[in-house]
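What's in entry01.pdb: PDB, C-alpha atoms
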MODEL        1
ATOM      1  CA  MET A 267       0.000   0.000   0.000
ATOM      2  CA  SER A 268       2.948   2.311   0.520
ATOM      3  CA  VAL A 269       3.469   2.379  -3.240
ATOM      4  CA  LEU A 270      -0.016   3.743  -3.677
ATOM      5  CA  LEU A 271       0.887   6.709  -1.556
ATOM      6  CA  PHE A 272       3.361   8.028  -4.100
ATOM      7  CA  SER A 273       1.994   6.676  -7.332
ATOM      8  CA  HIS A 274       0.036   8.871  -9.705
ATOM      9  CA  GLN A 275      -2.723   6.355  -9.857
ATOM     10  CA  THR A 276      -5.859   7.671  -8.234
ATOM     11  CA  PRO A 277      -7.041   5.654  -5.285
ATOM     12  CA  TRP A 278     -10.577   6.636  -6.169
ATOM     13  CA  PRO A 279     -13.072   4.879  -8.371
ATOM     14  CA  GLU A 280     -14.171   6.879 -11.402
ATOM     15  CA  ASN A 281     -17.065   9.241 -10.767
ATOM     16  CA  ARG A 282     -16.318   9.258  -7.088
ATOM     17  CA  PRO A 283     -18.573  11.462  -5.040
ATOM     18  CA  THR A 284     -17.163  14.817  -4.070
ATOM     19  CA  TYR A 285     -16.335  15.403  -0.446
ATOM     20  CA  PRO A 286     -18.938  17.188   1.508
ATOM     21  CA  ASP A 287     -17.253  20.258   2.849
ATOM     22  CA  PRO A 288     -19.864  22.776   3.954
ATOM     23  CA  ARG A 289     -18.826  22.828   7.590
ATOM     24  CA  VAL A 290     -16.805  25.550   9.106
ATOM     25  CA  VAL A 291     -14.230  24.699  11.729
ATOM     26  CA  ARG A 292     -15.507  26.069  15.013
ATOM     27  CA  ASP A 293     -12.134  26.153  16.702
ATOM     28  CA  PRO A 294      -9.391  27.589  14.501
ATOM     29  CA  ILE A 295      -6.960  25.147  16.077
ATOM     30  CA  ASP A 296      -7.796  21.576  15.141
ATOM     31  CA  PRO A 297      -5.693  19.393  17.467
ATOM     32  CA  ASP A 298      -5.917  16.350  15.165
ATOM     33  CA  LEU A 299      -4.676  18.358  12.211
ATOM     34  CA  GLU A 300      -1.939  19.962  14.278
ATOM     35  CA  ALA A 301      -0.809  16.493  15.391
ATOM     36  CA  LEU A 302      -0.497  15.367  11.796
ATOM     37  CA  ARG A 303       1.120  18.515  10.436
ATOM     38  CA  SER A 304       3.655  18.525  13.247
ATOM     39  CA  ALA A 305       5.048  15.394  11.532
ATOM     40  CA  ASP A 306       5.626  14.001  14.987
ATOM     41  CA  GLU A 307       5.532  10.202  14.932
ATOM     42  CA  ALA A 308       4.191   9.818  18.463
ATOM     43  CA  ALA A 309       1.390  12.290  17.723
ATOM     44  CA  PHE A 310       0.470  10.431  14.524
ATOM     45  CA  GLU A 311       0.482   7.103  16.327
ATOM     46  CA  ALA A 312      -1.758   8.501  19.065
ATOM     47  CA  LEU A 313      -4.121   9.761  16.359
ATOM     48  CA  ILE A 314      -4.410   6.419  14.574
ATOM     49  CA  ASN A 315      -4.865   4.673  17.928
ATOM     50  CA  ARG A 316      -7.664   7.008  18.939
ATOM     51  CA  LEU A 317      -9.542   6.902  15.653
ATOM     52  CA  HIS A 318      -9.039   3.211  14.881
ATOM     53  CA  GLY A 319     -12.068   1.881  16.776
ATOM     54  CA  PRO A 320     -14.566   4.383  15.334
ATOM     55  CA  MET A 321     -13.074   3.977  11.839
ATOM     56  CA  MET A 322     -13.332   0.181  12.020
ATOM     57  CA  ARG A 323     -16.913   0.373  13.260
ATOM     58  CA  LEU A 324     -17.831   2.664  10.361
ATOM     59  CA  ALA A 325     -16.009   0.567   7.754
ATOM     60  CA  MET A 326     -17.764  -2.544   8.998
ATOM     61  CA  THR A 327     -21.102  -0.897   8.340
ATOM     62  CA  TYR A 328     -20.267  -1.355   4.669
ATOM     63  CA  LEU A 329     -17.857  -4.285   4.750
ATOM     64  CA  ARG A 330     -18.874  -6.998   7.153
ATOM     65  CA  ASP A 331     -15.499  -8.720   6.967
ATOM     66  CA  ARG A 332     -12.887  -7.442   9.466
ATOM     67  CA  ALA A 333      -9.977  -7.856   7.071
ATOM     68  CA  ALA A 334     -11.761  -5.870   4.376
ATOM     69  CA  ALA A 335     -12.598  -3.163   6.920
ATOM     70  CA  GLU A 336      -8.950  -2.962   8.020
ATOM     71  CA  ASP A 337      -7.885  -2.589   4.383
ATOM     72  CA  ALA A 338     -10.376   0.252   3.967
ATOM     73  CA  VAL A 339      -9.074   1.989   7.101
ATOM     74  CA  GLN A 340      -5.524   1.638   5.800
ATOM     75  CA  GLU A 341      -6.456   3.050   2.396
ATOM     76  CA  ALA A 342      -8.227   5.964   4.082
ATOM     77  CA  TRP A 343      -5.106   6.867   6.075
ATOM     78  CA  LEU A 344      -2.864   6.577   3.014
ATOM     79  CA  THR A 345      -5.236   8.756   1.004
ATOM     80  CA  CYS A 346      -5.288  11.222   3.874
ATOM     81  CA  LEU A 347      -1.499  11.538   3.869
ATOM     82  CA  LYS A 348      -1.399  11.781   0.104
ATOM     83  CA  THR A 349      -3.987  14.561  -0.082
ATOM     84  CA  LEU A 350      -3.345  16.392   3.185
ATOM     85  CA  ASP A 351      -1.779  19.365   1.413
ATOM     86  CA  ARG A 352      -5.099  19.891  -0.376
ATOM     87  CA  PHE A 353      -7.115  19.837   2.836
ATOM     88  CA  GLU A 354      -8.493  23.346   3.287
ATOM     89  CA  GLY A 355      -9.731  23.036   6.824
ATOM     90  CA  ARG A 356     -13.340  23.720   5.925
ATOM     91  CA  SER A 357     -14.339  20.788   8.114
ATOM     92  CA  THR A 358     -12.562  19.339  11.106
ATOM     93  CA  PHE A 359      -9.831  16.853  10.307
ATOM     94  CA  LYS A 360     -11.884  14.094  11.918
ATOM     95  CA  THR A 361     -14.880  14.788   9.695
ATOM     96  CA  TRP A 362     -12.582  14.894   6.672
ATOM     97  CA  ILE A 363     -10.977  11.520   7.311
ATOM     98  CA  PHE A 364     -14.341   9.912   8.051
ATOM     99  CA  GLY A 365     -15.514  11.297   4.716
ATOM    100  CA  ILE A 366     -12.541   9.671   2.987
ATOM    101  CA  LEU A 367     -13.271   6.401   4.767
ATOM    102  CA  LEU A 368     -16.940   6.523   3.736
ATOM    103  CA  ASN A 369     -15.924   6.912   0.087
ATOM    104  CA  VAL A 370     -13.330   4.140   0.292
ATOM    105  CA  ALA A 371     -15.678   1.715   2.059
ATOM    106  CA  ARG A 372     -18.598   2.443  -0.273
ATOM    107  CA  ALA A 373     -16.379   2.001  -3.347
ATOM    108  CA  ARG A 374     -15.026  -1.289  -2.021
ATOM    109  CA  ARG A 375     -18.504  -2.554  -1.312
ATOM    110  CA  ARG A 376     -19.556  -1.739  -4.863
ATOM    111  CA  LYS A 377     -16.480  -3.503  -6.206
ATOM    112  CA  GLU A 378     -17.210  -6.589  -4.197
ATOM    113  CA  SER A 379     -20.815  -6.519  -5.420
ATOM    114  CA  ARG A 380     -21.957  -7.193  -1.935
ATOM    115  CA  ILE A 381     -25.468  -8.504  -2.082
ATOM    116  CA  LEU A 382     -27.794  -7.127   0.545
ATOM    117  CA  THR A 383     -29.659  -9.704   2.514
ATOM    118  CA  PHE A 384     -33.346 -10.106   1.923
ATOM    119  CA  THR A 385     -34.168  -8.910   5.433
ATOM    120  CA  SER A 386     -32.059  -5.742   5.160
ATOM    121  CA  LEU A 387     -33.805  -4.844   1.906
ATOM    122  CA  PHE A 388     -37.217  -5.119   3.455
ATOM    123  CA  ARG A 389     -36.491  -3.952   6.955
ATOM    124  CA  ARG A 390     -39.010  -1.329   8.011
ATOM    125  CA  ASP A 391     -37.828   1.685   9.942
ATOM    126  CA  GLY A 392     -41.228   3.182  10.733
ATOM    127  CA  GLY A 393     -43.461   2.915  13.779
ATOM    128  CA  PRO A 394     -43.005   3.918  17.407
ATOM    129  CA  THR A 395     -39.684   3.297  19.163
ATOM    130  CA  VAL A 396     -41.325   2.136  22.404
ATOM    131  CA  ASP A 397     -43.697  -0.835  22.558
ATOM    132  CA  PRO A 398     -47.204   0.763  22.520
ATOM    133  CA  SER A 399     -48.409  -1.772  25.083
ATOM    134  CA  ARG A 400     -46.330   0.050  27.702
ATOM    135  CA  PHE A 401     -48.680   3.013  27.532
ATOM    136  CA  GLY A 402     -52.261   3.150  28.805
ATOM    137  CA  ALA A 403     -55.329   4.447  27.000
ATOM    138  CA  ASP A 404     -54.339   7.947  28.146
ATOM    139  CA  ARG A 405     -50.978   7.487  26.308
ATOM    140  CA  MET A 406     -49.094   7.809  29.600
ATOM    141  CA  TRP A 407     -46.769   5.088  30.925
ATOM    142  CA  SER A 408     -48.598   2.043  32.285
ATOM    143  CA  SER A 409     -45.359   0.061  32.481
ATOM    144  CA  PRO A 410     -42.677   2.719  33.080
ATOM    145  CA  PRO A 411     -38.971   2.058  32.604
ATOM    146  CA  ASP A 412     -36.424   1.744  35.386
ATOM    147  CA  SER A 413     -33.660   4.349  35.538
ATOM    148  CA  TRP A 414     -31.005   1.623  36.132
ATOM    149  CA  THR A 415     -29.695   3.487  39.156
ATOM    150  CA  ASN A 416     -29.618   0.180  41.055
ATOM    151  CA  VAL A 417     -27.496  -1.554  38.428
ATOM    152  CA  PRO A 418     -23.939  -1.846  39.804
ATOM    153  CA  GLU A 419     -21.428   0.162  37.785
ATOM    154  CA  SER A 420     -19.270  -2.940  37.317
ATOM    155  CA  ARG A 421     -22.182  -4.573  35.477
ATOM    156  CA  LEU A 422     -23.289  -1.470  33.601
ATOM    157  CA  LEU A 423     -19.804  -0.831  32.234
ATOM    158  CA  GLY A 424     -18.758  -4.490  32.106
ATOM    159  CA  ARG A 425     -17.588  -6.330  29.033
ATOM    160  CA  GLU A 426     -20.818  -8.287  28.646
ATOM    161  CA  THR A 427     -22.865  -5.095  28.553
ATOM    162  CA  ILE A 428     -20.546  -3.499  25.990
ATOM    163  CA  ASP A 429     -20.737  -6.682  23.868
ATOM    164  CA  ARG A 430     -24.496  -6.474  24.107
ATOM    165  CA  VAL A 431     -24.429  -2.857  22.917
ATOM    166  CA  ARG A 432     -22.089  -3.755  20.065
ATOM    167  CA  ALA A 433     -24.442  -6.527  18.949
ATOM    168  CA  ALA A 434     -27.401  -4.148  19.160
ATOM    169  CA  ILE A 435     -25.580  -1.632  16.930
ATOM    170  CA  ASP A 436     -24.745  -4.385  14.441
ATOM    171  CA  ASP A 437     -28.412  -5.282  14.337
ATOM    172  CA  LEU A 438     -29.545  -1.784  13.311
ATOM    173  CA  SER A 439     -30.513  -1.017   9.741
ATOM    174  CA  PRO A 440     -27.452   0.236   7.786
ATOM    175  CA  LYS A 441     -28.873   3.777   7.608
ATOM    176  CA  GLN A 442     -29.383   3.966  11.356
ATOM    177  CA  ARG A 443     -26.077   2.272  12.069
ATOM    178  CA  GLU A 444     -23.925   4.709  10.114
ATOM    179  CA  VAL A 445     -25.538   7.695  11.867
ATOM    180  CA  VAL A 446     -25.223   6.125  15.333
ATOM    181  CA  ILE A 447     -21.563   5.295  14.706
ATOM    182  CA  LEU A 448     -20.694   8.744  13.363
ATOM    183  CA  ARG A 449     -22.533  10.548  16.167
ATOM    184  CA  ASP A 450     -22.037   8.388  19.233
ATOM    185  CA  VAL A 451     -18.924   6.351  18.441
ATOM    186  CA  ALA A 452     -16.890   8.807  16.356
ATOM    187  CA  GLY A 453     -18.296  11.828  18.212
ATOM    188  CA  LEU A 454     -19.153  13.998  15.201
ATOM    189  CA  ASP A 455     -21.867  16.602  15.625
ATOM    190  CA  ALA A 456     -25.229  16.665  13.850
ATOM    191  CA  ASP A 457     -24.194  19.193  11.180
ATOM    192  CA  GLU A 458     -21.068  17.224  10.335
ATOM    193  CA  VAL A 459     -23.038  13.986   9.923
ATOM    194  CA  CYS A 460     -25.667  15.677   7.723
ATOM    195  CA  GLY A 461     -22.868  16.989   5.503
ATOM    196  CA  LEU A 462     -21.033  13.668   5.288
ATOM    197  CA  LEU A 463     -24.101  11.584   4.487
ATOM    198  CA  SER A 464     -25.928  14.281   2.496
ATOM    199  CA  ILE A 465     -29.066  13.918   4.585
ATOM    200  CA  SER A 466     -31.399  16.500   6.104
ATOM    201  CA  PRO A 467     -31.191  17.437   9.801
ATOM    202  CA  ALA A 468     -34.623  15.863  10.366
ATOM    203  CA  ASN A 469     -33.565  12.616   8.697
ATOM    204  CA  GLN A 470     -30.378  12.535  10.732
ATOM    205  CA  ARG A 471     -32.296  12.958  13.974
ATOM    206  CA  VAL A 472     -34.845  10.273  13.084
ATOM    207  CA  ARG A 473     -32.128   7.754  12.244
ATOM    208  CA  LEU A 474     -30.185   8.603  15.386
ATOM    209  CA  HIS A 475     -33.256   8.440  17.606
ATOM    210  CA  ARG A 476     -34.399   5.103  16.234
ATOM    211  CA  GLY A 477     -30.899   3.679  16.511
ATOM    212  CA  ARG A 478     -30.385   4.810  20.095
ATOM    213  CA  ALA A 479     -33.890   3.638  21.035
ATOM    214  CA  SER A 480     -33.137   0.151  19.678
ATOM    215  CA  VAL A 481     -29.911  -0.026  21.663
ATOM    216  CA  ARG A 482     -31.791   1.168  24.750
ATOM    217  CA  LYS A 483     -34.387  -1.569  24.268
ATOM    218  CA  SER A 484     -31.696  -4.200  24.002
ATOM    219  CA  LEU A 485     -30.056  -2.875  27.176
ATOM    220  CA  GLU A 486     -33.374  -2.881  28.991
ATOM    221  CA  ASP A 487     -33.924  -6.530  28.055
ATOM    222  CA  TYR A 488     -30.470  -7.339  29.386
ATOM    223  CA  LEU A 489     -30.302  -5.196  32.524
ATOM    224  CA  THR A 490     -33.816  -5.559  33.920
TER     225      THR A 490
ATOM    226  CA  MET B  46     -47.938  16.307  25.758
ATOM    227  CA  THR B  47     -48.340  12.598  26.474
ATOM    228  CA  CYS B  48     -45.556  10.186  27.491
ATOM    229  CA  LYS B  49     -45.945   8.439  24.150
ATOM    230  CA  GLU B  50     -45.178  11.705  22.352
ATOM    231  CA  ILE B  51     -42.419  12.738  24.755
ATOM    232  CA  VAL B  52     -40.315   9.580  24.217
ATOM    233  CA  GLU B  53     -40.143  10.294  20.481
ATOM    234  CA  LEU B  54     -38.784  13.809  21.095
ATOM    235  CA  MET B  55     -35.882  12.851  23.335
ATOM    236  CA  THR B  56     -33.111  12.910  20.726
ATOM    237  CA  ASP B  57     -34.373  16.254  19.438
ATOM    238  CA  TYR B  58     -34.264  17.484  23.031
ATOM    239  CA  LEU B  59     -30.742  16.177  23.635
ATOM    240  CA  ASP B  60     -29.582  17.787  20.365
ATOM    241  CA  GLY B  61     -31.157  21.096  21.329
ATOM    242  CA  SER B  62     -33.309  21.114  18.207
ATOM    243  CA  LEU B  63     -36.725  21.595  19.822
ATOM    244  CA  SER B  64     -38.351  25.006  19.426
ATOM    245  CA  PRO B  65     -38.322  27.060  22.640
ATOM    246  CA  SER B  66     -42.030  26.449  23.239
ATOM    247  CA  ARG B  67     -41.792  22.689  22.678
ATOM    248  CA  ARG B  68     -38.688  22.558  24.804
ATOM    249  CA  ALA B  69     -40.535  24.281  27.664
ATOM    250  CA  LYS B  70     -43.436  21.811  27.364
ATOM    251  CA  PHE B  71     -40.985  18.905  27.218
ATOM    252  CA  GLU B  72     -39.133  20.041  30.346
ATOM    253  CA  GLN B  73     -42.361  20.685  32.190
ATOM    254  CA  HIS B  74     -43.529  17.142  31.426
ATOM    255  CA  ILE B  75     -40.193  15.525  32.350
ATOM    256  CA  SER B  76     -40.005  17.335  35.683
ATOM    257  CA  GLY B  77     -43.274  15.775  36.771
ATOM    258  CA  CYS B  78     -43.034  12.342  35.147
ATOM    259  CA  ASP B  79     -40.783   9.683  36.708
ATOM    260  CA  GLY B  80     -41.301   7.301  33.774
ATOM    261  CA  CYS B  81     -40.135   9.795  31.146
ATOM    262  CA  GLY B  82     -37.306  10.945  33.436
ATOM    263  CA  ALA B  83     -36.135   7.338  33.705
ATOM    264  CA  TYR B  84     -36.481   6.845  29.945
ATOM    265  CA  LEU B  85     -34.329   9.921  29.285
ATOM    266  CA  THR B  86     -31.716   8.564  31.705
ATOM    267  CA  GLN B  87     -31.773   5.212  29.889
ATOM    268  CA  LEU B  88     -31.334   6.894  26.521
ATOM    269  CA  LYS B  89     -28.358   8.907  27.821
ATOM    270  CA  THR B  90     -26.871   5.721  29.286
ATOM    271  CA  ALA B  91     -27.323   3.957  25.941
ATOM    272  CA  ARG B  92     -25.545   6.865  24.218
ATOM    273  CA  MET B  93     -22.657   6.690  26.686
ATOM    274  CA  LEU B  94     -22.321   2.902  26.298
ATOM    275  CA  ILE B  95     -22.414   3.160  22.485
ATOM    276  CA  GLY B  96     -19.403   5.472  22.830
ATOM    277  CA  ARG B  97     -17.609   2.808  24.834
ATOM    278  CA  THR B  98     -17.788   0.289  21.993
ATOM    279  CA  ALA B  99     -15.098   2.243  20.163
ATOM    280  CA  ALA B 100     -12.060   1.004  22.059
ATOM    281  CA  GLU B 101     -10.071  -1.242  19.752
ATOM    282  CA  PRO B 102      -6.299  -1.610  19.445
ATOM    283  CA  VAL B 103      -4.654  -1.126  16.060
ATOM    284  CA  PRO B 104      -3.373  -4.543  14.863
ATOM    285  CA  GLU B 105       0.416  -4.582  14.723
ATOM    286  CA  PRO B 106       0.789  -5.170  10.939
ATOM    287  CA  LEU B 107      -1.508  -2.255  10.198
ATOM    288  CA  ARG B 108       0.219  -0.023  12.746
ATOM    289  CA  ALA B 109       3.616  -0.835  11.211
ATOM    290  CA  GLU B 110       2.302  -0.175   7.691
ATOM    291  CA  LEU B 111       0.812   3.181   8.661
ATOM    292  CA  MET B 112       3.919   4.280  10.558
ATOM    293  CA  ASN B 113       6.038   3.419   7.511
ATOM    294  CA  ALA B 114       3.721   5.401   5.278
ATOM    295  CA  PHE B 115       3.934   8.305   7.702
ATOM    296  CA  ARG B 116       7.742   8.255   7.583
ATOM    297  CA  PHE B 117       7.668   8.237   3.751
ATOM    298  CA  TRP B 118       5.195  11.102   3.796
ATOM    299  CA  LYS B 119       7.288  13.037   6.282
ATOM    300  CA  ALA B 120      10.461  12.534   4.222
ATOM    301  CA  ALA B 121       8.713  13.542   0.994
ATOM    302  CA  SER B 122       7.007  16.649   2.337
TER     303      SER B 122
ENDMDL
END

Kindly transcribe the structure held in the file into structure tokens.
Amino acid sequence: MSVLLFSHQTPWPENRPTYPDPRVVRDPIDPDLEALRSADEAAFEALINRLHGPMMRLAMTYLRDRAAAEDAVQEAWLTCLKTLDRFEGRSTFKTWIFGILLNVARARRRKESRILTFTSLFRRDGGPTVDPSRFGADRMWSSPPDSWTNVPESRLLGRETIDRVRAAIDDLSPKQREVVILRDVAGLDADEVCGLLSISPANQRVRLHRGRASVRKSLEDYLT
Amino acid sequence: MTCKEIVELMTDYLDGSLSPSRRAKFEQHISGCDGCGAYLTQLKTARMLIGRTAAEPVPEPLRAELMNAFRFWKAAS
């Protein structure tokens, strides 16, 4: 892959989508970008360590195979280094590299002609996010939730719970999953996610809400 | 507003995207409703735990490859 970094061959598929770049950097100093431009190896290593988990989770939204996702993450970093001098800072560095990764992962999925499963094609995203039977005729709670304040922290933050959450995220529809990962795993804000995915603020919020609500439901089944 | 309506507005509330009047109605409901208060706490907990799924070490071959690329980039720039 190192060869790719200095070759003149484009790492992009033809007709690649343009990067969304409508966001303005709120803080003129972007610590991620500074880390990279400082050309300090330790700073770069810290950056790839910190972003690896969120990048893998996003790549696996498109490529269900871990090895393929790792390849996509690698290509995204190499493309980032190769094109860094053209980065104009109109988004944060983090949003920019997630945009590169989205393009790489989507292109690789197209190349692999990944066939969507029957269930994912026909999955319905409509309807209420809380089981209607939990509300009475007056539409107020008849079976209210527990606030989990009695759940010991060791259990709440334990490995089994995190595995449960991971499985719940994997079970979301792809559209909900990519928003949940960008917002709550990668930590991008709503405007950044709308720009990256070219979706409206309302659509972003609906996907995020439904995704979080599904994870909450799964946690409730597990914790109570 | 009813509990059934309130639960569908929670992400909008957390994102600060409710209009001032709806936000006031939302907060008024939450302050007097234990069930919706607990639901909001659950949703925030879910959000926090989703964030905790990110931790993942970089596999050594990939780390080595990226560090090499970085050194090439540094030398060339």

Would you list which chain A residues are within 7 Å of chain B using all atoms listed in the file, as a PyMOL selection string? chain A and resi 268+305+315+318-320+347+401+405-407+410-413+428+431-432+450-451+471+475+478-479+481-482

Answer key for the PyMOL selection byres ((chain A and resi 327-343) around 10), residues as an MDAnalysis selection string: (chainID A and resid 267:268 270:271 277 314 317:318 321:326 344:349 363:376 378 380 435:436 438:441 443:444 447) or (chainID B and resid 103:104 107:108 110:111 114:115)

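Atom pair atom CA of Leu485 of chain A / atom CA of Ser420 of chain A has a distance of 14.8 Å (rounded to one decimal).
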
Carefully work through the PyMOL selection byres ((chain A and resi 488) around 12) for this structure and note down the residues it includes, as a PyMOL selection string. chain A and resi 414+417+421-422+426-431+434+481-487+489-490

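The coordinates place atom CA of Tyr58 of chain B at 11.0 Å from atom CA of Lys70 of chain B.
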
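Across the model, the gap from atom CA of Asp298 of chain A to atom CA of Phe310 of chain A is 8.7 Å.
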
Determine, counting all atoms listed in the file, which protein, DNA and RNA residues have an atom within 10 Å of an atom of segment 456-465 of chain A; residues of the same chain fewer than 2 positions away are not included. Present the result as a VMD selection string. (chain A and resid 285 to 290 357 to 358 360 to 362 364 to 366 368 to 369 441 444 to 446 448 to 449 453 to 454 467 to 471 474) or (chain B and resid 60)

Using the file's own x, y and z axes, so that the box edges lie along x, y and z, what centre and edge lengths in Å (one decimal) does a box around every listed atom of segment 55-63 of chain B get when 5 Å is added on each side? Give it as AutoDock Vina command-line options.
--center_x -33.2 --center_y 17.2 --center_z 20.9 --size_x 17.1 --size_y 18.7 --size_z 15.4
